[in-house]
Amino acid sequence: MLELGVCYYPEQWPEEMWADDARKMVSLGLSWVRIAEFTWSLVEPAEGEFNWEWLDRAVDTLGQAGLQVVMCTPTAAPPKWLIDKHPEILPVDENGNVRKFGARRHYCFSSKIYREHAVRIATDFASRYGENEYVCAWQIDNEYGDHNTIYSYSNSAHLAFQDWLRNRYQTIDKLNEAWGTCFWGMAYRSFNQIELPNNLVEEPSPTHLLDFYRFSSDQVVGFNKAQVDVLRDLSPGRPITHNFMGHNTDFDHYAVGQDIDFASWDSYPMGALVYSGMDEDEKAERLRTGIPDQPAFNNDLYRQVGRGNVWIMEQQPGPVNWAKHNQSPQDGMVRLWTWLAFAHGVDVVCYFRWRQSKFAQEQFHAGLLLPNNEPDQAFIEVTQVAHEIAKLPEVGARQQAQVALVLDYPSRWAADALPQGEDYSSSRVAMDWYAALSRQHIDVDIVGPHSDLDGYKLVVVPDMIVDDHDFVDKLEKCAAKVYLGARTGSKSKDMHIPAHLPPGSFSRLLDVKVTRVESLPPYGRDRVKIGDLLGKVTNWREQIVTGDKVLATFQSDFRDGSPALVGSEKCWYGATHFSAELLDALVTKLVGWAGVAASSKTSSNLRITRRGNLMFAFNFANQAAQLDVPKNTQFFVGGHELAPYDVAIWSA
Ligand code: GAL
């Protein structure tokens, strides 16, 4: 059953408050508390001088009250003495400026000195708390990638990148060929000559960039794994996680996920809305609910990253402090997001943070309690969730969906390395597909090229740019029908155009060849007709040659009537990015073709999903919604009519 927890900072409050805080957490219904991710300088104020006693007492106080502690390794915040001793730990930004001490995440993943110190402090933490009876799980570091910290252009990164390239290519000739250095006379004679791809006069070779992104991702995986090894050794049996940021795709989350026991992610739907690519009218409509499918998508993604095991480590409890604007969620949304997470397979939801801070950077960030210790709105909603949990029957893990949606990290990097249009966004393309499926109440699993495809009826590949022969084999062999979006298979692993033109190996699934691509501005007027519906297309349009069936065509003053959607027995290919209304029509057709059960109507504000034998409905609208279920349905939470921002749970 769903468990709840909270992020707590004993170091920020007088010790006299800790016992009362712990008691209140337990009486609220919380069973987990995450601590210590920024405490290195408090535990080790000077090199080799330790001050553990306060943290020992905090762990004891929380544990003795009945809470399970998630202990963090504190490597997201290296102390000042360490930076003063080894300034080369600091990361360097794209302009070549050193990013200084004074906040957090001020380290370069390629710094060998920092790696040694990180492993050393993780060892100290694990030696002290690895077998502590109250420490029941570990979080490594905090939010890799926060504030653009995956890419660093330091001297350490430079040398490590050269080594990485030596290892990948073995000979400089192979690198020259892959990067296409004959193009602008950029040939190298040795790996020592290679620069990082920043501060150039014009753009670097896309292969240079893609390799830098791959390298940077590998640095994160290595950094994380070094701490995993320590914790496995000194804290046997305690599961290990990292708290990912859903929107940061600068490193391969699946690869980090392979080394940990469960994935967790930090859910801030209000900020996600503000920074999304939606237009202002849509944003206004969703201002205080966020995008319904953004948290759902990430719950599903991190369920995959955690190989079935997923938590929310930080759930927004009210306004935050860090976005362009920081609006309050509607009253009720914290409860809604909590149940939404559980419905999508999340096992534990922890709220960020226990009490709003009176000082420092995040004073405007809400908590469960106000700074004066009175309950804030989220406290009231969590109280309600805790009561509702008690009413639910046991429910197992979330079942496999009928539809899989592919998210491939190297393809995200490839889109970035050679964008072709300034507003093309792979994450938007994936989210638009996910949302269209969700509007018809179709459950989706997010999968990667490494995933097993058995059991799916439909696999949607929105834009897997980097061709992958082995993945195409899997698609060919599985029983699922396949949808390929524009740009799929359009680059080889070396970022070249495939020998027989895009979609490269994917053309084994249907007879398609892409002969021209265009990026389209938002004011473009190209249209596509699907069934009776004539709708807009955005961002991207391809000219394709096909021997297969044409299912829809472009309507435009340019090459009017050229194919926009084509299909074989096994696979359909869409030569553009469809607007939401066209996607709705396309999803209806696709799921009908693939034999996937779906709702006959689309709904913009109601989401319905299943976990085991429980059904869940979520109303994101500011008006009541009616559920179309039999009169005698047994509800555990809510009923046939959902108030605005309300939740209903019933037996399937
Ligand atoms: C997260 C971070 C937390 C806190 C929070 C505020 O990105 O992990 O430490 O800063 O944002 O919303």
# chains A, B, ... in the order shown; residues from 1 in each chain; ligands from 1
call {"tool": "residues_near_ligand", "arguments": {"ligand": "ligand 1", "cutoff": "8 Å", "atoms": "only C-alpha atoms and all ligand atoms", "output": "MDAnalysis selection string"}}
result
chainID A and resid 142:143 146 243 245 266 268 314 316 320:322 352 362 365
call {"tool": "residues_around", "arguments": {"residues": "Glu388 in chain A", "least_positions_apart": "3", "cutoff": "10 Å", "atoms": "only C-alpha atoms", "output": "PyMOL selection string"}}
result
chain A and resi 339+382-385+391-392+636-638+649
call {"tool": "closest_residue", "arguments": {"among": "A:Ser562, A:Asn622, A:Ser568, A:Thr149", "to": "Lys549 in chain A", "atoms": "only C-alpha atoms"}}
result
A:Ser568
call {"tool": "select_by_dssp", "arguments": {"residues": "range 153-276 of chain A", "states": "strand (DSSP E or B)", "output": "MDAnalysis selection string"}}
result
chainID A and resid 240:241 243:245 263:267
call {"tool": "residues_around", "arguments": {"residues": "range 160-167 of chain A", "least_positions_apart": "5", "cutoff": "7 Å", "atoms": "only C-alpha atoms", "output": "CSV table (one decimal) with N, CA, C and O atoms, in the first residue's frame"}}
result
chain,number,residue,atom,x,y,z
A,110,SER,N,33.9,15.1,-13.9
A,110,SER,CA,35.2,14.5,-14.4
A,110,SER,C,36.4,14.8,-13.4
A,110,SER,O,37.5,14.3,-13.7
A,191,PHE,N,44.7,12.3,-30.5
A,191,PHE,CA,43.6,12.6,-29.6
A,191,PHE,C,43.9,13.8,-28.6
A,191,PHE,O,43.0,14.4,-28.1
A,192,ASN,N,45.2,14.0,-28.4
A,192,ASN,CA,45.6,15.1,-27.6
A,192,ASN,C,45.2,16.5,-28.1
A,192,ASN,O,45.2,17.5,-27.4
A,194,ILE,N,42.3,17.2,-29.4
A,194,ILE,CA,40.9,17.5,-29.4
A,194,ILE,C,40.4,18.4,-28.3
A,194,ILE,O,40.8,18.3,-27.2
A,215,PHE,N,29.8,11.1,-23.5
A,215,PHE,CA,30.9,11.1,-22.5
A,215,PHE,C,30.4,11.7,-21.2
A,215,PHE,O,30.6,11.1,-20.1
call {"tool": "closest_atom_pairs", "arguments": {"of": "range 568-597 of chain A", "to": "range 496-506 of chain A", "cutoff": "12 Å", "atoms": "only C-alpha atoms", "output": "JSON lines"}}
result
{"residue": "A:Lys570", "atom": "CA", "partner": "A:Phe506", "partner_atom": "CA", "distance": 11.5}
{"residue": "A:Cys571", "atom": "CA", "partner": "A:Phe506", "partner_atom": "CA", "distance": 9.6}
{"residue": "A:Trp572", "atom": "CA", "partner": "A:Phe506", "partner_atom": "CA", "distance": 11.0}
{"residue": "A:Tyr573", "atom": "CA", "partner": "A:Pro503", "partner_atom": "CA", "distance": 9.6}
{"residue": "A:Gly574", "atom": "CA", "partner": "A:Pro503", "partner_atom": "CA", "distance": 11.4}
{"residue": "A:Ala575", "atom": "CA", "partner": "A:Pro503", "partner_atom": "CA", "distance": 10.8}
call {"tool": "write_last_selection", "arguments": {"atoms": "N, CA, C and O atoms", "output": "compact mmCIF listing (two decimals), in the first residue's frame"}}
result
# COMPACT_ATOMS: atom_id res chain seq x y z
N LYS A 570 2.47 -4.06 -40.57
CA LYS A 570 3.12 -4.05 -39.26
C LYS A 570 3.26 -2.65 -38.67
O LYS A 570 3.27 -2.47 -37.47
N CYS A 571 3.42 -1.67 -39.57
CA CYS A 571 3.95 -0.39 -39.08
C CYS A 571 3.37 0.80 -39.83
O CYS A 571 3.21 0.74 -41.04
N TRP A 572 3.09 1.88 -39.08
CA TRP A 572 2.69 3.15 -39.70
C TRP A 572 3.82 4.16 -39.47
O TRP A 572 4.52 4.09 -38.45
N TYR A 573 3.94 5.08 -40.44
CA TYR A 573 4.95 6.13 -40.33
C TYR A 573 4.27 7.48 -40.54
O TYR A 573 3.56 7.67 -41.53
N GLY A 574 4.48 8.42 -39.61
CA GLY A 574 3.91 9.77 -39.73
C GLY A 574 5.02 10.74 -40.09
O GLY A 574 6.03 10.82 -39.39
N ALA A 575 4.82 11.51 -41.17
CA ALA A 575 5.90 12.33 -41.71
C ALA A 575 5.90 13.75 -41.15
O ALA A 575 6.47 14.66 -41.73
call {"tool": "residues_around", "arguments": {"residues": "Ala594 in chain A", "least_positions_apart": "3", "cutoff": "9 Å", "atoms": "only C-alpha atoms", "output": "PDB file with C-alpha atoms, in the first residue's frame"}}
result
ATOM      1  CA  LYS A 457      -0.035  -4.476 -28.681  1.00  0.00           C
ATOM      2  CA  LEU A 458       1.297  -1.137 -29.862  1.00  0.00           C
ATOM      3  CA  ALA A 480       3.067  -5.421 -31.512  1.00  0.00           C
ATOM      4  CA  LYS A 481       2.023  -3.010 -34.211  1.00  0.00           C
ATOM      5  CA  VAL A 482       4.439  -0.103 -34.500  1.00  0.00           C
ATOM      6  CA  LYS A 589      -7.299   4.873 -35.569  1.00  0.00           C
ATOM      7  CA  LEU A 590      -4.035   3.439 -34.292  1.00  0.00           C
ATOM      8  CA  VAL A 591      -5.470   1.733 -31.236  1.00  0.00           C
TER       9      VAL A 591
END
call {"tool": "select_by_dssp", "arguments": {"residues": "range 383-575 of chain A", "states": "alpha helix (DSSP H)", "output": "ChimeraX atom specification"}}
result
/A:383-391,409-417,426-439,469-477
call {"tool": "atom_distance", "arguments": {"atom1": "CA of Glu131 in chain A", "atom2": "CA of Ser235 in chain A"}}
result
5.7 Å
call {"tool": "atom_distance", "arguments": {"atom1": "CA of Tyr169 in chain A", "atom2": "CA of Asp468 in chain A"}}
result
18.9 Å
call {"tool": "residues_around", "arguments": {"residues": "Gln68 in chain A", "least_positions_apart": "6", "cutoff": "10 Å", "atoms": "only C-alpha atoms", "output": "tab-separated table (two decimals) with C-alpha atoms, in the first residue's frame"}}
result
chain	number	residue	atom	x	y	z
A	5	GLY	CA	7.23	10.50	3.82
A	30	LEU	CA	4.22	9.48	7.49
A	31	SER	CA	6.57	6.53	7.70
A	32	TRP	CA	9.68	7.81	5.84
A	33	VAL	CA	11.93	10.79	6.37
A	34	ARG	CA	14.77	11.81	4.05
A	59	VAL	CA	18.62	9.83	13.34
A	62	LEU	CA	13.40	10.26	14.08
A	133	GLU	CA	18.64	0.19	12.68
A	134	TYR	CA	16.75	3.31	11.63
A	135	VAL	CA	18.50	3.87	8.31
A	136	CYS	CA	16.40	1.87	5.87
A	137	ALA	CA	17.39	3.29	2.47
